[in-house]
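Below is one structure; the comments refer to it alone.
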Amino acid sequence: MTKADTAPEQSPLLRPNILEAEGIVKQFGSSRLFGRSDPVRAVDGVSLQVRKGERLAIVGESGCGKSTLGRCLLRLIEADAGSVRFEGVDLMSLDDKAMRQTRKALQIVFQDPYASLNPRHTVATLIGEPIRFHGLAKGRDVADHVARMLGLVGLPEAYASRYPHEFSGGQRQRIAIARALASGPRLLVGDEPVSALDVSIQAQIINLLEDLGSELGFTLVLIAHNLAVIRHVSERVAVMYLGEIVEFAPADALFETPLHPYTQALIASAPIADPAARRQHALLDGDPPSPSRPPSGCRFHTRCAHARARCSSERPVSETVEGGRSVSCHFWREIAAAGASAPLAFTPSIQRQQRIAVFADALRQPSSQGGSITP
Ligand SMILES: Nc1ncnc2c1ncn2[C@@H]1O[C@H](COP(=O)(O)OP(=O)(O)OP(=O)(O)O)[C@@H](O)[C@H]1O
Ligand code: SF4
Ligand SMILES: [Mg+2]
C-alpha cells in the first residue's frame, strides 16, 4: 500500500471505513470457587468505525475494557455478541484458514516488549516468523525482509543475530513493532505500546509509530492512558467508561470542548490539564465501580458532578453531534451551554496551546537513553 492510497492529508471524516464494529459485547465469567458471582461485562455494546489511514485513540481508566475491545476488533478473542467488518468482510464469519490469511493485515503491539518476545529466539527468528508463516518470502529472502524491517524501525541489521535480553526496553519495542509490521498489516492496534517505557523513550516510539503509519499507510488504533500522547498523535478519540464508549470526537474538538462530564473530568485530572479546564470541570474522584455490577442508568452517575434523578434510572443513548462527534449524556447540551457562558469554559487558552507545542517538541527530542541504539 502506498501513502497516496490512504490520502493521509484528507480529514479522517472524509475517508472510507476500514473497520466497522457493531454492538460488541464481551463478558468474562467469574470464578465460582468462592460462590456465585456476576460475570465481568468488559465491553458492553460498543459500536465504532475506524477510517482508513487514520490514527484513532481509545482512552479511559484502567479496567474500562480498552484491551478487551482492541482484541475483539482483531478477533484475537471472540466477542459474545456483535459484528466486526474489516474492509467489508465480516471477521466473525471467517473460518480458521480464512482468518489466518486475514491475520497478516491485522496486527497488534502489546505494552510489554519483555513478555511479547520469546527470549529463546533471535531477532531474525522473531521477525522472520510472520514472514515465513504468511509465505511472504523464502530462503535468503527472509533475511533481506528482516533487515528491511530492522531498518524501518531504526535498528541496524547486525542486530538480527542477537537475543531480546541484549536490548533496552525501547529497542525491544522497536523489534516488536518490526515483527508486527513484517506481514504488512493494514490495521495496527497499539495496546499501551509505550506505557512500560521511560518517558523519554515513549516519545520516540510514539513518533516512530506515527512516522511509519504515514510512510506505510497503515491505520493505527492506539490504546493509551497518557492523554498527552493521545492529544499529540491521534486524529479521533473514543472515550470509554465501564465497557461503553461515552464520547467520540476528532481529537482537537475533544480536547478543546469535551462534552461528556467523564471526558471533562478525565482531561481536568490529567497532568497536562489546562488550569482553565480544572477550574471549569470537576476532577475525577475515586475508582470506577465494578464492571460486574455497573450502576443503573448512566454508569457514570455515581461519580458525575452533574448527575440528577434521571441519570440513575435511564441509560443515555449515544447522540450524534455536529462535527463528527457523538456523546452519551442526558444533559450534555445544558452542561455545554452553562460552560460556554463562562469566559474560560471552552476557549483554548494561549497557555494551553503553548503547552501542547512544548509537549510536541519534547516528543520530538532525541533522548540520551533511547536515541542511541547501542546494544
Ligand atoms: N481474561 C479475563 N478474564 C476475566 N476478566 C478479565 C479478563 N480480561 C479482562 N478482564 C476484566 O475485564 C475488564 C476490562 O479489562 P481490560 O483489560 O479490557 O481493561 P483495560 O481498559 O485495558 O485496563 P488497563 O488500562 O488496566 O489495561 C476488567 O475488569 C478486567 O479485570
Ligand atoms: S447522564 Fe447524568 S450522570 Fe451521566 S454523564 Fe450525563 S449528567 Fe452525568
Ligand atoms: Mg489494557
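Within each chain, counting starts at residue 1; across the C-alpha cells, chains are named A, B, ... in the order shown, with ligands numbered 1 upward in that order.
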(request) Write out as a list in words which residues come within 8 Å of segment 253-260 of chain A when counting only C-alpha atoms, dropping same-chain ones fewer than 5 positions away. (result) Arg231, Val237, Val246, Glu247, Phe248, Ile267, Val327, Ser328, Cys329, Trp332, Ile335, Ala336, Phe346, Thr347 and Pro348 of chain A
(message) Using DSSP assignments from the backbone, pull out every residue in segment 103-156 of chain A that falls under helix (DSSP H, G or I) and give it to me as a ChimeraX atom specification.
(response) /A:103,113-116,123-133,140-152
Include N, CA and C atoms and write out the residues we just selected as a PDB file, in the first residue's frame.
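Below you can see again_14.pdb, which holds the result:
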ATOM      1  N   ARG A 103      -5.219 -12.442   9.011  1.00  0.00           N
ATOM      2  CA  ARG A 103      -4.445 -12.033  10.190  1.00  0.00           C
ATOM      3  C   ARG A 103      -3.248 -11.160   9.826  1.00  0.00           C
ATOM      4  N   PRO A 113       7.211  -5.306  25.920  1.00  0.00           N
ATOM      5  CA  PRO A 113       8.042  -5.987  24.916  1.00  0.00           C
ATOM      6  C   PRO A 113       8.865  -7.121  25.530  1.00  0.00           C
ATOM      7  N   TYR A 114       8.976  -7.147  26.881  1.00  0.00           N
ATOM      8  CA  TYR A 114       9.698  -8.248  27.535  1.00  0.00           C
ATOM      9  C   TYR A 114       8.886  -9.531  27.402  1.00  0.00           C
ATOM     10  N   ALA A 115       7.567  -9.390  27.592  1.00  0.00           N
ATOM     11  CA  ALA A 115       6.699 -10.567  27.557  1.00  0.00           C
ATOM     12  C   ALA A 115       6.357 -10.992  26.136  1.00  0.00           C
ATOM     13  N   SER A 116       6.329 -10.030  25.196  1.00  0.00           N
ATOM     14  CA  SER A 116       5.821 -10.380  23.863  1.00  0.00           C
ATOM     15  C   SER A 116       6.890 -10.964  22.944  1.00  0.00           C
ATOM     16  N   VAL A 123      16.480 -12.197  17.053  1.00  0.00           N
ATOM     17  CA  VAL A 123      15.663 -11.179  16.390  1.00  0.00           C
ATOM     18  C   VAL A 123      15.290 -11.657  14.987  1.00  0.00           C
ATOM     19  N   ALA A 124      16.245 -12.323  14.304  1.00  0.00           N
ATOM     20  CA  ALA A 124      15.968 -12.818  12.944  1.00  0.00           C
ATOM     21  C   ALA A 124      14.803 -13.805  12.954  1.00  0.00           C
ATOM     22  N   THR A 125      14.772 -14.674  13.963  1.00  0.00           N
ATOM     23  CA  THR A 125      13.684 -15.654  14.046  1.00  0.00           C
ATOM     24  C   THR A 125      12.375 -14.959  14.387  1.00  0.00           C
ATOM     25  N   LEU A 126      12.462 -14.027  15.351  1.00  0.00           N
ATOM     26  CA  LEU A 126      11.237 -13.355  15.806  1.00  0.00           C
ATOM     27  C   LEU A 126      10.571 -12.574  14.676  1.00  0.00           C
ATOM     28  N   ILE A 127      11.381 -11.850  13.919  1.00  0.00           N
ATOM     29  CA  ILE A 127      10.792 -11.042  12.835  1.00  0.00           C
ATOM     30  C   ILE A 127      10.520 -11.921  11.620  1.00  0.00           C
ATOM     31  N   GLY A 128      11.358 -12.968  11.450  1.00  0.00           N
ATOM     32  CA  GLY A 128      11.193 -13.847  10.278  1.00  0.00           C
ATOM     33  C   GLY A 128       9.963 -14.741  10.374  1.00  0.00           C
ATOM     34  N   GLU A 129       9.516 -15.014  11.613  1.00  0.00           N
ATOM     35  CA  GLU A 129       8.396 -15.946  11.809  1.00  0.00           C
ATOM     36  C   GLU A 129       7.132 -15.534  11.033  1.00  0.00           C
ATOM     37  N   PRO A 130       6.631 -14.304  11.222  1.00  0.00           N
ATOM     38  CA  PRO A 130       5.423 -13.945  10.447  1.00  0.00           C
ATOM     39  C   PRO A 130       5.682 -13.894   8.945  1.00  0.00           C
ATOM     40  N   ILE A 131       6.923 -13.611   8.549  1.00  0.00           N
ATOM     41  CA  ILE A 131       7.244 -13.552   7.114  1.00  0.00           C
ATOM     42  C   ILE A 131       7.111 -14.953   6.512  1.00  0.00           C
ATOM     43  N   ARG A 132       7.672 -15.932   7.226  1.00  0.00           N
ATOM     44  CA  ARG A 132       7.576 -17.332   6.749  1.00  0.00           C
ATOM     45  C   ARG A 132       6.144 -17.830   6.848  1.00  0.00           C
ATOM     46  N   PHE A 133       5.509 -17.550   8.007  1.00  0.00           N
ATOM     47  CA  PHE A 133       4.161 -18.072   8.266  1.00  0.00           C
ATOM     48  C   PHE A 133       3.190 -17.639   7.171  1.00  0.00           C
ATOM     49  N   ARG A 140      16.830 -17.164   1.504  1.00  0.00           N
ATOM     50  CA  ARG A 140      17.634 -15.978   1.815  1.00  0.00           C
ATOM     51  C   ARG A 140      16.810 -14.690   1.807  1.00  0.00           C
ATOM     52  N   ASP A 141      15.705 -14.716   1.075  1.00  0.00           N
ATOM     53  CA  ASP A 141      14.876 -13.507   1.001  1.00  0.00           C
ATOM     54  C   ASP A 141      14.292 -13.125   2.356  1.00  0.00           C
ATOM     55  N   VAL A 142      14.131 -14.139   3.231  1.00  0.00           N
ATOM     56  CA  VAL A 142      13.585 -13.840   4.562  1.00  0.00           C
ATOM     57  C   VAL A 142      14.558 -12.912   5.299  1.00  0.00           C
ATOM     58  N   ALA A 143      15.854 -13.230   5.217  1.00  0.00           N
ATOM     59  CA  ALA A 143      16.860 -12.396   5.895  1.00  0.00           C
ATOM     60  C   ALA A 143      16.833 -10.963   5.355  1.00  0.00           C
ATOM     61  N   ASP A 144      16.655 -10.835   4.053  1.00  0.00           N
ATOM     62  CA  ASP A 144      16.570  -9.484   3.456  1.00  0.00           C
ATOM     63  C   ASP A 144      15.356  -8.737   4.001  1.00  0.00           C
ATOM     64  N   HIS A 145      14.234  -9.471   4.089  1.00  0.00           N
ATOM     65  CA  HIS A 145      12.996  -8.876   4.597  1.00  0.00           C
ATOM     66  C   HIS A 145      13.196  -8.426   6.058  1.00  0.00           C
ATOM     67  N   VAL A 146      13.859  -9.294   6.849  1.00  0.00           N
ATOM     68  CA  VAL A 146      14.119  -8.958   8.260  1.00  0.00           C
ATOM     69  C   VAL A 146      14.997  -7.706   8.331  1.00  0.00           C
ATOM     70  N   ALA A 147      16.032  -7.659   7.491  1.00  0.00           N
ATOM     71  CA  ALA A 147      16.942  -6.494   7.500  1.00  0.00           C
ATOM     72  C   ALA A 147      16.176  -5.217   7.160  1.00  0.00           C
ATOM     73  N   ARG A 148      15.265  -5.331   6.182  1.00  0.00           N
ATOM     74  CA  ARG A 148      14.455  -4.152   5.815  1.00  0.00           C
ATOM     75  C   ARG A 148      13.595  -3.698   6.982  1.00  0.00           C
ATOM     76  N   MET A 149      12.994  -4.661   7.694  1.00  0.00           N
ATOM     77  CA  MET A 149      12.129  -4.305   8.823  1.00  0.00           C
ATOM     78  C   MET A 149      12.939  -3.642   9.935  1.00  0.00           C
ATOM     79  N   LEU A 150      14.153  -4.169  10.178  1.00  0.00           N
ATOM     80  CA  LEU A 150      15.007  -3.552  11.205  1.00  0.00           C
ATOM     81  C   LEU A 150      15.348  -2.119  10.821  1.00  0.00           C
ATOM     82  N   GLY A 151      15.650  -1.925   9.538  1.00  0.00           N
ATOM     83  CA  GLY A 151      15.955  -0.574   9.058  1.00  0.00           C
ATOM     84  C   GLY A 151      14.777   0.367   9.259  1.00  0.00           C
ATOM     85  N   LEU A 152      13.587  -0.148   8.994  1.00  0.00           N
ATOM     86  CA  LEU A 152      12.377   0.684   9.133  1.00  0.00           C
ATOM     87  C   LEU A 152      12.205   1.210  10.553  1.00  0.00           C
TER      88      LEU A 152
END
(message) What does the list of residues within 9 Å of ligand 3 look like if you count only C-alpha atoms and all ligand atoms, written as a PyMOL selection string?
(response) chain A and resi 62-68+70+111+191-192+223-224
(request) For Tyr163 of chain A, list every protein, DNA or RNA residue within 8 Å, evaluated using only C-alpha atoms, and leave out those in the same chain fewer than 6 positions away; present the list as JSON, numbers by chain. (result) {"A": [119, 120, 121, 122, 123]}
(request) Rank nothing, just name the residue among A:Phe331, A:Phe300, A:Phe218, A:Phe28 nearest to Met240 of chain A, using only C-alpha atoms. (result)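 So, comparing all the options, the nearest one is A:Phe300.
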(message) as a ChimeraX atom specification, please: every protein or nucleic acid residue near ligand 1 (cut-off 12 Å, counting only C-alpha atoms and all ligand atoms).
(response) /A:25-31,38-44,58-72,76-78,110-112,190-193,195-196,222-226,239-245,288-294
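The residue that comes closest to ligand 2, out of A:Gln264, A:Thr219, A:Ser326, A:Ser168 and on the basis of only C-alpha atoms and all ligand atoms, is A:Gln264.
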(request) Have a look at A:Gly169, A:Asp285, A:Gly339, A:Ala265 and name the one nearest to ligand 2; count only C-alpha atoms and all ligand atoms. (result) A:Ala265
(message) Neighbouring residues of ligand 2 are defined here as those with any atom at most 10 Å from a ligand atom, counting only C-alpha atoms and all ligand atoms; list them as a PyMOL selection string.
(response) chain A and resi 246+259-264+297-317+327-335
(request) Mind giving me the straight-line distance from atom CA of Asp90 of chain A to atom CA of Lys52 of chain A in Å, one decimal? (result)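 These two atoms are separated by 16.6 Å.
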(message) One decimal, in Å: what's the spacing between atom CA of Gly23 of chain A and atom CA of Ala81 of chain A?
(response) 6.9 Å
(request) Could you pull out the residues in segment 143-237 of chain A that DSSP calls strand (DSSP E or B) from the backbone, as a count of residues only? (result) 12
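Of note, atom CA of Leu14 of chain A and atom CA of Glu215 of chain A are spaced 20.0 Å apart.
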